[in-house]
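Notes follow the structure.
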Amino acid sequence: MNTIIDSIDHIREERDISREVLEQLLTTDDAEVVEYLRKSARDVADSMYGKRILLRGLIEISSHCKNDCLYCGLRRSNREAVRYRLTEEEIYDCCEQGYRLGFRTFVMQGGEDGWFNDERMCRIVRTVRQQYPDCAITLSLGERSRESYQALYDAGANRYLLRHETADAEHYARLHPAEMSWQHRIDCLHALKEIGYQVGCGFMVGSPYQTFDTLYKDLQFLRSFQPHMVGIGPFIAAHNTPFADQPNGKVSYTLRLLSIIRLLLPNVLLPATTALGTLHPRGREQGILHGANVVMPNLSPREHRKDYAIYDNKICTGDEAAECRSCMEMRMRVIGYETVVDRGDHLGIES
Ligand code: SAH
């Protein structure tokens with residue numbers, strides 16, 4: 001009867017989507033269709049992970065960056081950005097606090113900061129690994145050499161987040177300076193997977209020059225790469241960047257894409273991101289209700305939070321880790337979900 005509704009069932013059964021259906025699903029204002037997509041995705045997430053929402057403690061270790069991505073507030077050309085880097089002790093303190101709060105995954109994320117070379121970073125990973133043998137260590141430190149990824153893996157890291165940003169090389173070239181290469185980023189993702197990491201890729205929704213064609217390529221890339229995690233959130237303009245005046249990404253597109261990704265990759269780890277929470281007061285809750293199953297409360301020391309300013313108006317910059325943890329627990333409980341003390345590995349991977 002309703003052909004768009006049928007096509008949602010088709011995505012779920014075939015784990016594939018056409019370019020046309022993608023555009024239809026993102027642009028339709030038929031409330032029944034929108035709700036059917038959401039509910040289908042939530043059904044799939046429930047059947048895989050139940051009502052359990054997996055927690056990751058995010059530690060933003062450095063706001064220094066040698067790159068110049070046009071969208072990012074921490075790009076090297078932004079002279080106004082406040083630069084900090086956590087000391088090793090500060091990182092260990094964050095982990096200690098996080099462990100007490102029930103986190104069993106620590107995500108260390110930062111700009112591409114040469115200070116955190118292999119010697120320092122491997123020492124940090126080894127120390128955290130030794131101290132918390134029951135925890136997963138996730139890194140999100142951008143592009144490094146295969147040797148570096150291998151050394152960090154050998155030191156005890158388990159997972160790596162590196163958004164591909166866009167699966168279209170020309171689009172990539174419009175978001176990044178000429179010295180950055182789409183192929184290199186994709187090569188990094190393949191290297192990470194070969195080494196044995198659980199790998200997360202992803203993209204911004206509504207980044208400048210994004211089209212239905214580039215989004216379609218993103219989804220095809222996800223289907224072929226089969227990441228363990230997919231991070232997507234709306235693009236949010238950052239002041240002092242070339243994209244300062246660009247419109248923000250749409251919350252509705254982000255939510256619908258979360259649902260579509262859940263249908264395409266039923267057991268993927270899918271965070272409801274801080275960027276989504278920044279553009280909508282219930283954005284993260286909505287993300288969960290659209291098929292996400294991960295949240296990443298901030299564990300970074302409060303005095304540095306506001307300076308990890310990849311985009312404007314980022315939420316939770318004034319809170320202590322414990323407040324973020326309990327706030328998230330409450331937010332999830334209100335919508336009928338439970339945050340769990342668990343490493344939260346991808347289904348099908350033994351810890
Ligand atoms: N340096 C690391 C971590 C980058 S920050 C790396 O290169 O992987 C993590 C993600 O934030 C980026 O991959 C990007 O997709 C997202 N991001 C950066 N600027 C943003 C903006 N203005 N709006 C929304 N998301 C942004």
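Following the order of the structure tokens, chains are lettered A, B, ..., residues in each are numbered from 1, and ligands are numbered from 1.
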Quiz item: What residues have any atom no more than 7 Å from ligand 1 when counting only C-alpha atoms and all ligand atoms, and can you list them as a list in words?
Solution: Tyr71, Cys72, Gly73, Gln109, Gly110, Gly111, Glu112, Ser140, Leu141, Gly142, Glu143, Leu161, Leu162, Arg163, Glu165, Phe203, Met204, Gly233, Pro234, Phe235, Ile236, Ala237, Ala238, Ala275, Ile310 and Tyr311 of chain A
Quiz prompt | Residues within 8 Å of range 56-58 of chain A, only C-alpha atoms, excluding chain neighbours under 2 positions, as number ranges by chain | solution = A: 54, 60, 98, 103-109, 294-300
Expected file contents, prior selection, N, CA and C atoms, as a short mmCIF file (atom, residue, chain, number, x, y, z; two decimals), in the first residue's frame:
data_model
loop_
_atom_site.label_atom_id
_atom_site.label_comp_id
_atom_site.auth_asym_id
_atom_site.auth_seq_id
_atom_site.Cartn_x
_atom_site.Cartn_y
_atom_site.Cartn_z
N LEU A 54 24.87 1.64 26.62
CA LEU A 54 26.29 1.47 26.96
C LEU A 54 26.95 2.83 27.15
N GLU A 60 39.01 14.21 27.02
CA GLU A 60 39.54 15.03 25.93
C GLU A 60 40.95 15.45 26.30
N GLY A 98 36.35 7.92 36.68
CA GLY A 98 35.43 7.25 35.78
C GLY A 98 35.13 5.83 36.24
N PHE A 103 32.16 3.58 34.78
CA PHE A 103 32.57 3.49 33.38
C PHE A 103 33.52 2.31 33.22
N ARG A 104 33.33 1.53 32.15
CA ARG A 104 34.24 0.44 31.85
C ARG A 104 34.83 0.57 30.45
N THR A 105 34.60 1.73 29.86
CA THR A 105 35.30 2.12 28.63
C THR A 105 35.78 3.55 28.79
N PHE A 106 37.07 3.76 28.51
CA PHE A 106 37.61 5.11 28.51
C PHE A 106 37.96 5.47 27.08
N VAL A 107 37.46 6.61 26.64
CA VAL A 107 37.78 7.09 25.30
C VAL A 107 38.71 8.28 25.43
N MET A 108 39.94 8.12 24.94
CA MET A 108 40.86 9.25 24.97
C MET A 108 40.86 9.89 23.58
N GLN A 109 40.36 11.12 23.54
CA GLN A 109 40.25 11.81 22.26
C GLN A 109 41.04 13.11 22.30
N VAL A 294 24.41 3.93 22.61
CA VAL A 294 25.62 4.31 23.34
C VAL A 294 25.51 5.79 23.70
N VAL A 295 25.97 6.15 24.90
CA VAL A 295 26.16 7.57 25.23
C VAL A 295 27.56 7.76 25.79
N MET A 296 28.09 8.94 25.60
CA MET A 296 29.49 9.19 25.98
C MET A 296 29.62 10.42 26.88
N PRO A 297 29.24 10.28 28.15
CA PRO A 297 29.38 11.43 29.04
C PRO A 297 30.84 11.85 29.19
N ASN A 298 31.03 13.11 29.50
CA ASN A 298 32.35 13.71 29.55
C ASN A 298 33.01 13.48 30.91
N LEU A 299 34.25 12.98 30.84
CA LEU A 299 35.04 12.76 32.07
C LEU A 299 36.19 13.74 32.18
N SER A 300 36.30 14.64 31.22
CA SER A 300 37.45 15.55 31.20
C SER A 300 37.40 16.48 32.42
#
Report as a tab-separated table: every residue of range 7-118 of chain A with an atom at most 12 Å from range 179-193 of chain A, its closest pair of atoms, and their distance in Å to one decimal, counting only C-alpha atoms, with rows sorted by chain and ascending residue number.
residue	atom	partner	partner_atom	distance
A:Lys66	CA	A:Met180	CA	11.1
A:Asn67	CA	A:Met180	CA	8.2
A:Asp68	CA	A:Met180	CA	8.7
A:Cys69	CA	A:Met180	CA	8.5
A:Leu70	CA	A:Met180	CA	11.2
Tell me, as a CSV table (one decimal) with N, CA, C and O atoms, in the first residue's frame, which residues lie within 10 Å of range 34-50 of chain A, counting only C-alpha atoms; anything in the same chain fewer than 3 positions away does not count.
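Printed below is out.csv as written:
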chain,number,residue,atom,x,y,z
A,4,ILE,N,6.6,3.8,0.6
A,4,ILE,CA,7.8,4.1,1.5
A,4,ILE,C,7.9,3.2,2.7
A,4,ILE,O,9.0,2.8,3.1
A,5,ILE,N,6.7,2.9,3.3
A,5,ILE,CA,6.7,2.0,4.4
A,5,ILE,C,7.3,0.6,4.0
A,5,ILE,O,8.2,0.1,4.7
A,7,SER,N,9.5,0.2,1.7
A,7,SER,CA,10.9,0.3,1.5
A,7,SER,C,11.7,0.3,2.8
A,7,SER,O,12.8,-0.1,2.9
A,8,ILE,N,11.0,0.7,3.9
A,8,ILE,CA,11.7,0.6,5.2
A,8,ILE,C,11.9,-0.9,5.6
A,8,ILE,O,12.9,-1.3,6.1
A,9,ASP,N,10.8,-1.7,5.4
A,9,ASP,CA,10.9,-3.1,5.6
A,9,ASP,C,12.1,-3.7,4.8
A,9,ASP,O,12.8,-4.6,5.2
A,11,ILE,N,14.8,-2.2,3.7
A,11,ILE,CA,16.1,-1.8,4.2
A,11,ILE,C,16.4,-2.8,5.3
A,11,ILE,O,17.6,-3.3,5.4
A,12,ARG,N,15.5,-3.1,6.2
A,12,ARG,CA,15.7,-3.9,7.3
A,12,ARG,C,16.0,-5.4,6.9
A,12,ARG,O,16.9,-6.0,7.4
A,25,LEU,N,13.2,9.3,2.6
A,25,LEU,CA,13.1,9.1,4.0
A,25,LEU,C,13.6,10.3,4.7
A,25,LEU,O,13.1,10.7,5.8
A,26,LEU,N,14.6,11.0,4.2
A,26,LEU,CA,15.1,12.2,4.9
A,26,LEU,C,14.2,13.4,4.7
A,26,LEU,O,14.0,14.2,5.6
A,27,THR,N,13.5,13.4,3.6
A,27,THR,CA,12.7,14.7,3.3
A,27,THR,C,11.2,14.5,3.5
A,27,THR,O,10.5,15.5,3.6
A,28,THR,N,10.7,13.3,3.7
A,28,THR,CA,9.3,13.2,3.9
A,28,THR,C,8.7,13.9,5.1
A,28,THR,O,9.4,14.0,6.1
A,29,ASP,N,7.5,14.4,5.0
A,29,ASP,CA,6.9,15.0,6.2
A,29,ASP,C,5.7,14.1,6.6
A,29,ASP,O,4.8,14.6,7.4
A,30,ASP,N,5.6,12.9,6.1
A,30,ASP,CA,4.6,12.0,6.4
A,30,ASP,C,4.9,11.4,7.8
A,30,ASP,O,5.8,10.6,8.0
A,31,ALA,N,4.2,11.8,8.8
A,31,ALA,CA,4.5,11.5,10.2
A,31,ALA,C,4.4,9.9,10.4
A,31,ALA,O,5.2,9.4,11.2
A,53,ILE,N,21.8,0.7,27.8
A,53,ILE,CA,22.5,1.8,27.1
A,53,ILE,C,24.0,1.7,27.6
A,53,ILE,O,24.2,1.7,28.8
A,54,LEU,N,24.9,1.6,26.6
A,54,LEU,CA,26.3,1.5,27.0
A,54,LEU,C,26.9,2.8,27.1
A,54,LEU,O,26.7,3.8,26.4
A,252,SER,N,16.6,16.5,12.5
A,252,SER,CA,15.7,15.5,11.9
A,252,SER,C,16.5,14.6,11.0
A,252,SER,O,16.3,13.3,11.1
A,255,LEU,N,18.6,12.2,13.2
A,255,LEU,CA,17.8,11.1,13.8
A,255,LEU,C,17.4,10.0,12.8
A,255,LEU,O,17.5,8.8,13.0
A,256,ARG,N,16.9,10.5,11.6
A,256,ARG,CA,16.5,9.5,10.6
A,256,ARG,C,17.7,8.7,10.1
A,256,ARG,O,17.6,7.5,9.8
A,257,LEU,N,18.9,9.4,10.0
A,257,LEU,CA,20.1,8.6,9.6
A,257,LEU,C,20.5,7.6,10.7
A,257,LEU,O,20.9,6.5,10.3
A,258,LEU,N,20.3,8.0,11.9
A,258,LEU,CA,20.6,7.0,13.0
A,258,LEU,C,19.8,5.8,12.8
A,258,LEU,O,20.2,4.6,12.9
A,259,SER,N,18.5,6.0,12.5
A,259,SER,CA,17.6,4.9,12.3
A,259,SER,C,18.0,4.0,11.1
A,259,SER,O,18.0,2.8,11.1
A,260,ILE,N,18.3,4.7,10.0
A,260,ILE,CA,18.7,4.0,8.8
A,260,ILE,C,20.0,3.2,9.0
A,260,ILE,O,20.1,2.0,8.6
A,261,ILE,N,20.9,3.7,9.7
A,261,ILE,CA,22.2,3.0,10.0
A,261,ILE,C,21.9,1.8,10.9
A,261,ILE,O,22.4,0.7,10.7
A,262,ARG,N,21.0,2.0,11.9
A,262,ARG,CA,20.6,0.8,12.7
A,262,ARG,C,20.1,-0.3,11.9
A,262,ARG,O,20.3,-1.5,12.1
A,263,LEU,N,19.3,0.0,10.9
A,263,LEU,CA,18.7,-1.0,10.0
A,263,LEU,C,19.7,-1.6,9.1
A,263,LEU,O,19.7,-2.8,8.8
A,264,LEU,N,20.7,-0.8,8.7
A,264,LEU,CA,21.7,-1.4,7.8
A,264,LEU,C,22.7,-2.2,8.5
A,264,LEU,O,23.3,-3.2,7.9
A,265,LEU,N,23.0,-1.8,9.7
A,265,LEU,CA,24.1,-2.5,10.5
A,265,LEU,C,23.4,-2.9,11.9
A,265,LEU,O,23.7,-2.1,12.9
A,266,PRO,N,22.6,-3.9,12.0
A,266,PRO,CA,21.8,-4.2,13.2
A,266,PRO,C,22.5,-4.2,14.5
A,266,PRO,O,22.0,-3.7,15.5
A,267,ASN,N,23.8,-4.7,14.5
A,267,ASN,CA,24.4,-4.8,15.8
A,267,ASN,C,25.5,-3.8,16.0
A,267,ASN,O,26.3,-3.9,16.9
A,268,VAL,N,25.5,-2.7,15.2
A,268,VAL,CA,26.5,-1.7,15.3
A,268,VAL,C,26.4,-0.9,16.7
A,268,VAL,O,25.3,-0.8,17.2
A,269,LEU,N,27.5,-0.5,17.2
A,269,LEU,CA,27.5,0.4,18.3
A,269,LEU,C,27.3,1.8,17.8
A,269,LEU,O,28.1,2.3,17.0
A,270,LEU,N,26.2,2.5,18.3
A,270,LEU,CA,25.8,3.7,17.7
A,270,LEU,C,25.5,4.8,18.8
A,270,LEU,O,24.5,4.7,19.5
A,286,GLN,N,16.4,11.5,22.1
A,286,GLN,CA,15.8,11.2,20.8
A,286,GLN,C,16.7,10.2,20.0
A,286,GLN,O,16.2,9.3,19.3
A,287,GLY,N,18.0,10.4,20.1
A,287,GLY,CA,18.9,9.5,19.4
A,287,GLY,C,18.7,8.1,19.8
A,287,GLY,O,18.6,7.2,19.0
A,288,ILE,N,18.6,7.9,21.1
A,288,ILE,CA,18.3,6.5,21.7
A,288,ILE,C,17.0,6.0,21.1
A,288,ILE,O,16.9,4.9,20.6
A,289,LEU,N,16.0,6.8,21.1
A,289,LEU,CA,14.7,6.4,20.7
A,289,LEU,C,14.6,6.1,19.2
A,289,LEU,O,13.7,5.5,18.7
A,290,HIS,N,15.7,6.6,18.5
A,290,HIS,CA,15.8,6.4,17.0
A,290,HIS,C,16.7,5.2,16.7
A,290,HIS,O,17.1,5.0,15.5
A,291,GLY,N,17.2,4.5,17.7
A,291,GLY,CA,18.0,3.4,17.4
A,291,GLY,C,19.5,3.4,17.9
A,291,GLY,O,20.2,2.4,17.8
A,292,ALA,N,19.9,4.5,18.5
A,292,ALA,CA,21.3,4.5,19.1
A,292,ALA,C,21.3,3.7,20.4
A,292,ALA,O,20.2,3.4,21.0
A,293,ASN,N,22.5,3.3,20.8
A,293,ASN,CA,22.6,2.5,22.0
A,293,ASN,C,23.8,2.8,22.9
A,293,ASN,O,24.1,2.0,23.8
A,337,TYR,N,15.1,3.5,29.6
A,337,TYR,CA,16.4,2.7,29.3
A,337,TYR,C,17.3,2.8,30.6
A,337,TYR,O,17.2,3.7,31.4
A,338,GLU,N,18.3,1.9,30.6
A,338,GLU,CA,19.1,1.8,31.7
A,338,GLU,C,20.6,1.8,31.3
A,338,GLU,O,21.0,1.1,30.4
A,344,GLY,N,30.8,-3.1,27.2
A,344,GLY,CA,29.9,-2.8,26.1
A,344,GLY,C,30.6,-3.0,24.7
A,344,GLY,O,30.7,-2.2,23.9
A,346,HIS,N,31.2,-4.7,21.0
A,346,HIS,CA,30.3,-5.0,19.9
A,346,HIS,C,29.9,-6.5,20.0
A,346,HIS,O,30.7,-7.4,20.4
A,347,LEU,N,28.6,-6.8,19.7
A,347,LEU,CA,28.2,-8.2,19.7
A,347,LEU,C,29.0,-9.0,18.7
A,347,LEU,O,29.2,-8.6,17.6
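Residues of range 116-314 of chain A carrying a DSSP assignment of strand (DSSP E), computed from the backbone, are Ala136, Ile137, Thr138, Leu139, Ser140, Arg159, Tyr160, Leu161, Gln198, Val199, Gly200, Cys201, Gly202, Phe203, Met204, Val205, Met229, Val230, Gly231, Ile232, Gly233, Pro234, Val294 and Val295 of chain A.
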Exercise. Name the residues in contact with Thr166 in chain A at a cut-off of 12 Å, using only C-alpha atoms, excluding same-chain residues fewer than 3 positions from it; report them as a PyMOL selection string.
Key: chain A and resi 162-163+169-176+181-183+185-186+201-222+232
Prev. selection, N, CA and C atoms, output as a short mmCIF file (atom, residue, chain, number, x, y, z; two decimals), in the first residue's frame:
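Contents of selection_34.cif, as written:
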data_model
loop_
_atom_site.label_atom_id
_atom_site.label_comp_id
_atom_site.auth_asym_id
_atom_site.auth_seq_id
_atom_site.Cartn_x
_atom_site.Cartn_y
_atom_site.Cartn_z
N LEU A 162 37.71 6.88 14.32
CA LEU A 162 38.25 7.78 13.31
C LEU A 162 37.15 7.99 12.27
N ARG A 163 36.42 9.07 12.42
CA ARG A 163 35.34 9.29 11.46
C ARG A 163 35.93 9.46 10.06
N ALA A 169 35.46 11.61 -2.09
CA ALA A 169 36.79 12.24 -2.04
C ALA A 169 36.73 13.73 -2.37
N GLU A 170 35.86 14.10 -3.32
CA GLU A 170 35.76 15.53 -3.67
C GLU A 170 35.15 16.34 -2.54
N HIS A 171 34.15 15.76 -1.91
CA HIS A 171 33.54 16.43 -0.76
C HIS A 171 34.59 16.58 0.35
N TYR A 172 35.35 15.52 0.58
CA TYR A 172 36.41 15.57 1.59
C TYR A 172 37.36 16.72 1.32
N ALA A 173 37.69 16.91 0.04
CA ALA A 173 38.65 17.95 -0.34
C ALA A 173 38.09 19.35 -0.07
N ARG A 174 36.78 19.49 0.00
CA ARG A 174 36.19 20.80 0.28
C ARG A 174 36.07 21.06 1.79
N LEU A 175 36.26 20.02 2.57
CA LEU A 175 36.17 20.16 4.03
C LEU A 175 37.54 20.24 4.68
N HIS A 176 38.56 19.93 3.91
CA HIS A 176 39.92 19.83 4.47
C HIS A 176 40.92 20.56 3.59
N SER A 181 44.43 14.04 2.99
CA SER A 181 43.97 13.17 1.91
C SER A 181 42.90 12.20 2.38
N TRP A 182 41.83 12.14 1.59
CA TRP A 182 40.74 11.21 1.87
C TRP A 182 41.26 9.78 1.86
N GLN A 183 42.08 9.49 0.86
CA GLN A 183 42.59 8.12 0.74
C GLN A 183 43.39 7.72 1.97
N ARG A 185 42.98 8.78 5.00
CA ARG A 185 42.08 8.52 6.12
C ARG A 185 41.45 7.12 5.98
N ILE A 186 41.04 6.80 4.76
CA ILE A 186 40.43 5.48 4.53
C ILE A 186 41.47 4.38 4.76
N CYS A 201 33.83 4.48 12.50
CA CYS A 201 33.97 5.56 11.53
C CYS A 201 32.73 6.44 11.67
N GLY A 202 32.51 7.34 10.76
CA GLY A 202 31.32 8.18 10.88
C GLY A 202 31.49 9.51 10.18
N PHE A 203 30.46 10.33 10.29
CA PHE A 203 30.46 11.60 9.54
C PHE A 203 29.53 12.59 10.21
N MET A 204 29.70 13.85 9.83
CA MET A 204 28.80 14.89 10.30
C MET A 204 27.59 14.93 9.36
N VAL A 205 26.44 15.24 9.93
CA VAL A 205 25.23 15.38 9.13
C VAL A 205 25.03 16.86 8.86
N GLY A 206 24.96 17.20 7.58
CA GLY A 206 24.77 18.60 7.22
C GLY A 206 26.07 19.38 7.14
N SER A 207 27.18 18.69 6.92
CA SER A 207 28.42 19.43 6.72
C SER A 207 28.29 20.20 5.40
N PRO A 208 28.99 21.33 5.28
CA PRO A 208 28.90 22.10 4.04
C PRO A 208 29.19 21.22 2.81
N TYR A 209 28.43 21.45 1.76
CA TYR A 209 28.56 20.74 0.48
C TYR A 209 28.08 19.28 0.53
N GLN A 210 27.55 18.85 1.66
CA GLN A 210 26.99 17.49 1.70
C GLN A 210 25.73 17.46 0.83
N THR A 211 25.53 16.36 0.12
CA THR A 211 24.34 16.20 -0.72
C THR A 211 23.76 14.81 -0.44
N PHE A 212 22.59 14.54 -1.01
CA PHE A 212 22.05 13.18 -0.87
C PHE A 212 22.99 12.18 -1.51
N ASP A 213 23.69 12.62 -2.56
CA ASP A 213 24.65 11.71 -3.20
C ASP A 213 25.81 11.36 -2.27
N THR A 214 26.35 12.37 -1.59
CA THR A 214 27.48 12.05 -0.69
C THR A 214 26.99 11.23 0.50
N LEU A 215 25.79 11.53 0.98
CA LEU A 215 25.25 10.74 2.09
C LEU A 215 25.02 9.29 1.67
N TYR A 216 24.55 9.13 0.44
CA TYR A 216 24.36 7.77 -0.07
C TYR A 216 25.69 7.02 -0.09
N LYS A 217 26.74 7.73 -0.53
CA LYS A 217 28.07 7.11 -0.52
C LYS A 217 28.51 6.75 0.89
N ASP A 218 28.16 7.63 1.85
CA ASP A 218 28.50 7.32 3.24
C ASP A 218 27.87 6.00 3.67
N LEU A 219 26.61 5.84 3.31
CA LEU A 219 25.92 4.61 3.73
C LEU A 219 26.49 3.39 3.02
N GLN A 220 26.83 3.57 1.76
CA GLN A 220 27.46 2.44 1.04
C GLN A 220 28.82 2.11 1.65
N PHE A 221 29.52 3.15 2.04
CA PHE A 221 30.81 2.91 2.69
C PHE A 221 30.62 2.11 3.99
N LEU A 222 29.62 2.50 4.78
CA LEU A 222 29.36 1.76 6.02
C LEU A 222 29.05 0.31 5.72
N ILE A 232 27.81 9.54 14.34
CA ILE A 232 27.30 10.64 13.51
C ILE A 232 26.65 11.69 14.41
#
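Nearest residue to Glu96 in chain A, choosing from A:Ser77, A:Gln226, A:Ser63, A:Gln131 and counting only C-alpha atoms: A:Gln131.
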Exercise. Identify which of the residues A:Leu279, A:Val340, A:Thr87, A:Gly200 lies closest to Asn313 in chain A, counting only C-alpha atoms when measuring atom-to-atom distances.
Key: A:Leu279
Exercise. Apply DSSP to the structure's backbone, then extract all residues of range 156-246 of chain A labelled helix (DSSP H, G or I) and return them as a PyMOL selection string.
Key: chain A and resi 169-175+182-195+212-225
Quiz prompt | Residue with smallest distance to Glu323 in chain A - pool A:Val230, A:Arg302, A:Arg129, A:Asp307, counting only C-alpha atoms | solution =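 Using only C-alpha atoms, the shortest distance to Glu323 in chain A belongs to A:Arg302.
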Exercise. Counting only C-alpha atoms, figure out which residue out of A:His10, A:His304, A:Arg144, A:Arg223 gets nearest to Met121 in chain A.
Key: A:Arg144
Exercise. Grab the CA of Tyr149 in chain A to CA of Ile195 in chain A distance for me, in Å with one decimal place.
Key: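 These atoms are spaced 7.8 Å apart.
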Quiz prompt | Which of A:Arg15, A:Arg85, A:Arg343, A:Arg159 sits closest to Leu139 in chain A [using only C-alpha atoms] | solution = A:Arg159
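Coordinates place CA of Gly283 in chain A at a distance of 7.7 Å from CA of Val251 in chain A.
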Quiz item: Hey, which of A:Thr3, A:Ala136, A:Arg75, A:His164 ends up closest to Phe243 in chain A? Count only C-alpha atoms.
Solution: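 Closest to Phe243 in chain A, using only C-alpha atoms: A:Arg75.
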Quiz item: To one decimal place, how far is CA of Glu88 in chain A from CA of Ile59 in chain A in Å?
Solution: 11.8 Å
